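Participant: To be precise about what I am sending: the file is called work-v7.txt and holds compact mmCIF, C-alpha atoms.
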# COMPACT_ATOMS: atom_id res chain seq x y z
CA MET S 1 39.89 -165.42 132.48
CA ALA S 2 43.67 -165.03 132.94
CA VAL S 3 45.22 -168.50 132.93
CA THR S 4 48.56 -169.08 134.63
CA ILE S 5 50.73 -172.17 134.52
CA ARG S 6 52.06 -172.61 138.06
CA LEU S 7 52.87 -175.13 140.79
CA THR S 8 50.45 -176.43 143.39
CA ARG S 9 51.89 -178.09 146.51
CA MET S 10 51.05 -181.67 147.38
CA GLY S 11 52.68 -184.22 149.70
CA SER S 12 53.08 -184.29 153.43
CA LYS S 13 54.84 -181.96 155.84
CA LYS S 14 58.59 -181.64 155.07
CA LYS S 15 58.18 -183.79 151.92
CA PRO S 16 56.84 -181.50 149.21
CA PHE S 17 55.65 -182.70 145.84
CA TYR S 18 54.30 -180.33 143.22
CA ARG S 19 51.84 -180.55 140.35
CA LEU S 20 52.24 -178.32 137.34
CA VAL S 21 48.74 -176.95 136.68
CA ALA S 22 46.89 -174.51 134.46
CA ALA S 23 44.80 -172.38 136.80
CA ASP S 24 42.84 -169.16 136.81
CA SER S 25 45.15 -166.54 138.30
CA ARG S 26 42.43 -165.38 140.72
CA PHE S 27 42.35 -168.71 142.60
CA PRO S 28 44.70 -169.55 145.50
CA ARG S 29 47.90 -171.56 145.04
CA ASP S 30 46.46 -174.89 146.18
CA GLY S 31 42.92 -174.11 145.09
CA ARG S 32 40.88 -174.95 142.05
CA PHE S 33 42.70 -175.54 138.77
CA ILE S 34 41.71 -176.26 135.18
CA GLU S 35 44.10 -179.05 134.18
CA VAL S 36 47.15 -180.96 135.47
CA LEU S 37 50.09 -180.56 133.07
CA GLY S 38 52.83 -182.47 134.89
CA THR S 39 54.65 -183.07 138.17
CA TYR S 40 57.81 -181.90 139.93
CA ASP S 41 59.42 -183.84 142.78
CA PRO S 42 62.35 -181.96 144.38
CA ASN S 43 63.16 -184.76 146.87
CA PRO S 44 65.28 -187.19 144.79
CA ASN S 45 68.71 -186.22 143.52
CA PRO S 46 68.40 -185.02 140.73
CA PRO S 47 64.85 -183.68 141.06
CA ALA S 48 62.24 -185.43 138.90
CA ILE S 49 60.32 -183.39 136.32
CA LYS S 50 57.52 -184.98 134.28
CA LEU S 51 55.69 -182.87 131.71
CA ASN S 52 52.89 -183.48 129.26
CA ARG S 53 54.43 -181.48 126.40
CA GLU S 54 51.30 -181.38 124.23
CA LYS S 55 49.16 -179.93 127.01
CA VAL S 56 51.82 -177.39 128.06
CA GLU S 57 52.36 -176.19 124.48
CA ALA S 58 48.59 -176.01 123.91
CA TRP S 59 48.14 -173.72 126.94
CA LEU S 60 51.12 -171.57 125.92
CA ASN S 61 49.68 -171.17 122.42
CA GLN S 62 46.38 -170.07 123.97
CA GLY S 63 48.20 -167.27 125.80
CA ALA S 64 48.65 -168.65 129.32
CA SER S 65 51.26 -166.84 131.41
CA VAL S 66 53.96 -168.78 133.25
CA SER S 67 55.28 -168.30 136.79
CA ALA S 68 59.03 -167.76 137.25
CA THR S 69 59.59 -171.18 138.84
CA VAL S 70 57.63 -172.99 136.15
CA LYS S 71 59.56 -171.10 133.48
CA SER S 72 62.83 -172.53 134.81
CA LEU S 73 61.31 -176.03 135.09
CA LEU S 74 60.08 -175.87 131.50
CA LYS S 75 63.56 -174.86 130.40
CA LYS S 76 65.05 -177.87 132.23
CA GLY S 77 62.34 -180.11 130.75
CA GLY S 78 63.11 -178.97 127.22
CA VAL S 79 59.93 -176.99 126.55
CA SER S 80 60.11 -173.41 125.35
CA ALA S 81 58.24 -171.06 127.68
CA ARG S 82 57.30 -168.88 124.71
CA PRO S 83 54.59 -170.03 122.31
CA ALA S 84 55.56 -170.76 118.73
CA LYS S 85 54.68 -167.70 116.66
CA LYS S 86 52.78 -168.26 113.49
CA PRO S 87 54.10 -166.33 110.47
CA THR S 88 51.96 -163.37 109.51
CA PRO S 89 51.92 -161.49 106.20
CA ALA S 90 53.76 -158.57 107.84
CA THR S 91 56.68 -160.81 108.87
CA GLN S 92 56.89 -162.52 105.47
CA GLN S 93 57.92 -159.42 103.48
CA GLU S 94 60.70 -159.91 100.98
CA GLY S 95 63.99 -158.28 101.90
CA GLY S 96 65.09 -157.50 98.32
CA PRO S 97 65.52 -154.02 96.86
CA GLN S 98 62.39 -152.09 96.04
CA ALA S 99 61.66 -151.28 92.37
CA ASP S 100 60.25 -147.82 93.22
CA SER S 101 63.25 -146.55 95.18
CA PRO S 102 66.07 -144.78 93.30
CA ALA S 103 69.33 -146.69 93.39
Rewrite the coordinates I just gave you, this time as structure tokens.

Facilitator:
Amino acid sequence: MAVTIRLTRMGSKKKPFYRLVAADSRFPRDGRFIEVLGTYDPNPNPPAIKLNREKVEAWLNQGASVSATVKSLLKKGGVSARPAKKPTPATQQEGGPQADSPA
């Protein structure tokens, strides 16, 4: 299942209100979703963004992709759109000179 973090439209005609949701990418924009992660209200000045950081970061760490609009909202909300990478043995190699190489 390919999970995408995207917006789903709520509100009445001419007064949009959006929910930030984790949804299966095969479902329609306003269709079934897995979990609500926050809200975005573009009507007030400045627009209101409310995020549940723990849930967003948990989905990003599980490999969820992010839509372009949500990526910019996460940036404004102070959440990195890229998951935190865990150090692996390959990235923890020492950068010092090798004993086997001639100097």

Participant: Nearest residue to Ala68 of chain S out of S:Arg19, S:Lys50, S:Lys55, S:Arg6, using only C-alpha atoms?

Facilitator: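 Using only C-alpha atoms, Ala68 of chain S sits closest to S:Arg6.
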
Participant: Tell me, counting only C-alpha atoms, for each residue of segment 26-86 of chain S within 7 Å of segment 13-17 of chain S, which pair of atoms is nearest and how far apart they are in Å to one decimal, in rows ordered by chain and increasing number, as a tab-separated table.

Facilitator:
residue	atom	partner	partner_atom	distance
S:Tyr40	CA	S:Phe17	CA	6.3
S:Asp41	CA	S:Phe17	CA	5.0
S:Pro42	CA	S:Phe17	CA	6.9

Participant: Go ahead and save the picked residues with C-alpha atoms, as a compact mmCIF listing (two decimals), keeping the file's coordinate frame.

Facilitator:
# COMPACT_ATOMS: atom_id res chain seq x y z
CA TYR S 40 57.81 -181.90 139.93
CA ASP S 41 59.42 -183.84 142.78
CA PRO S 42 62.35 -181.96 144.38

Participant: Find the residues near Ala64 of chain S: any atom within 6 Å, counting only C-alpha atoms, skip ones fewer than 4 places away on the same chain, and give them as a PDB file with C-alpha atoms, in the coordinates of the input.

Facilitator:
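Output (part_29.pdb):
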ATOM      1  CA  VAL S   3      45.220-168.500 132.930  1.00  0.00           C
ATOM      2  CA  THR S   4      48.560-169.080 134.630  1.00  0.00           C
ATOM      3  CA  TRP S  59      48.140-173.720 126.940  1.00  0.00           C
ATOM      4  CA  LEU S  60      51.120-171.570 125.920  1.00  0.00           C
TER       5      LEU S  60
END

Participant: Could you check which residues have any atom within 10 Å of (54.4, -180.7, 136.9), counting only C-alpha atoms with coordinates taken straight from the file, and then list them as a list in words?

Facilitator: Ile5, Arg6, Leu7, Thr8, Phe17, Tyr18, Arg19, Leu20, Val21, Val36, Leu37, Gly38, Thr39, Tyr40, Asp41, Ala48, Ile49, Lys50, Leu51, Asn52, Val56, Val70, Leu73 and Leu74 of chain S

Participant: Hey, can you check how far atom CA of Ser80 of chain S sits from atom CA of Glu57 of chain S?

Facilitator: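 According to the coordinates, atom CA of Ser80 of chain S and atom CA of Glu57 of chain S are separated by 8.3 Å.
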
Participant: Record the distance separating atom CA of Gly77 of chain S and atom CA of Pro47 of chain S, expressed in Å with one decimal.

Facilitator: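 Spanning atom CA of Gly77 of chain S to atom CA of Pro47 of chain S is a straight-line distance of 11.2 Å.
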
Participant: In Å, with one decimal, what is the gap from atom CA of Ala58 of chain S to atom CA of Met10 of chain S?

Facilitator: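 Result for atom CA of Ala58 of chain S versus atom CA of Met10 of chain S: 24.3 Å, one decimal.
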
Participant: Find, counting only C-alpha atoms, the residue in S:Asn43, S:Gly78, S:Gly31, S:Ala22 that gets nearest to Gln62 of chain S.

Facilitator: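 Of S:Asn43, S:Gly78, S:Gly31, S:Ala22, the one nearest Gln62 of chain S, counting only C-alpha atoms, is S:Ala22.
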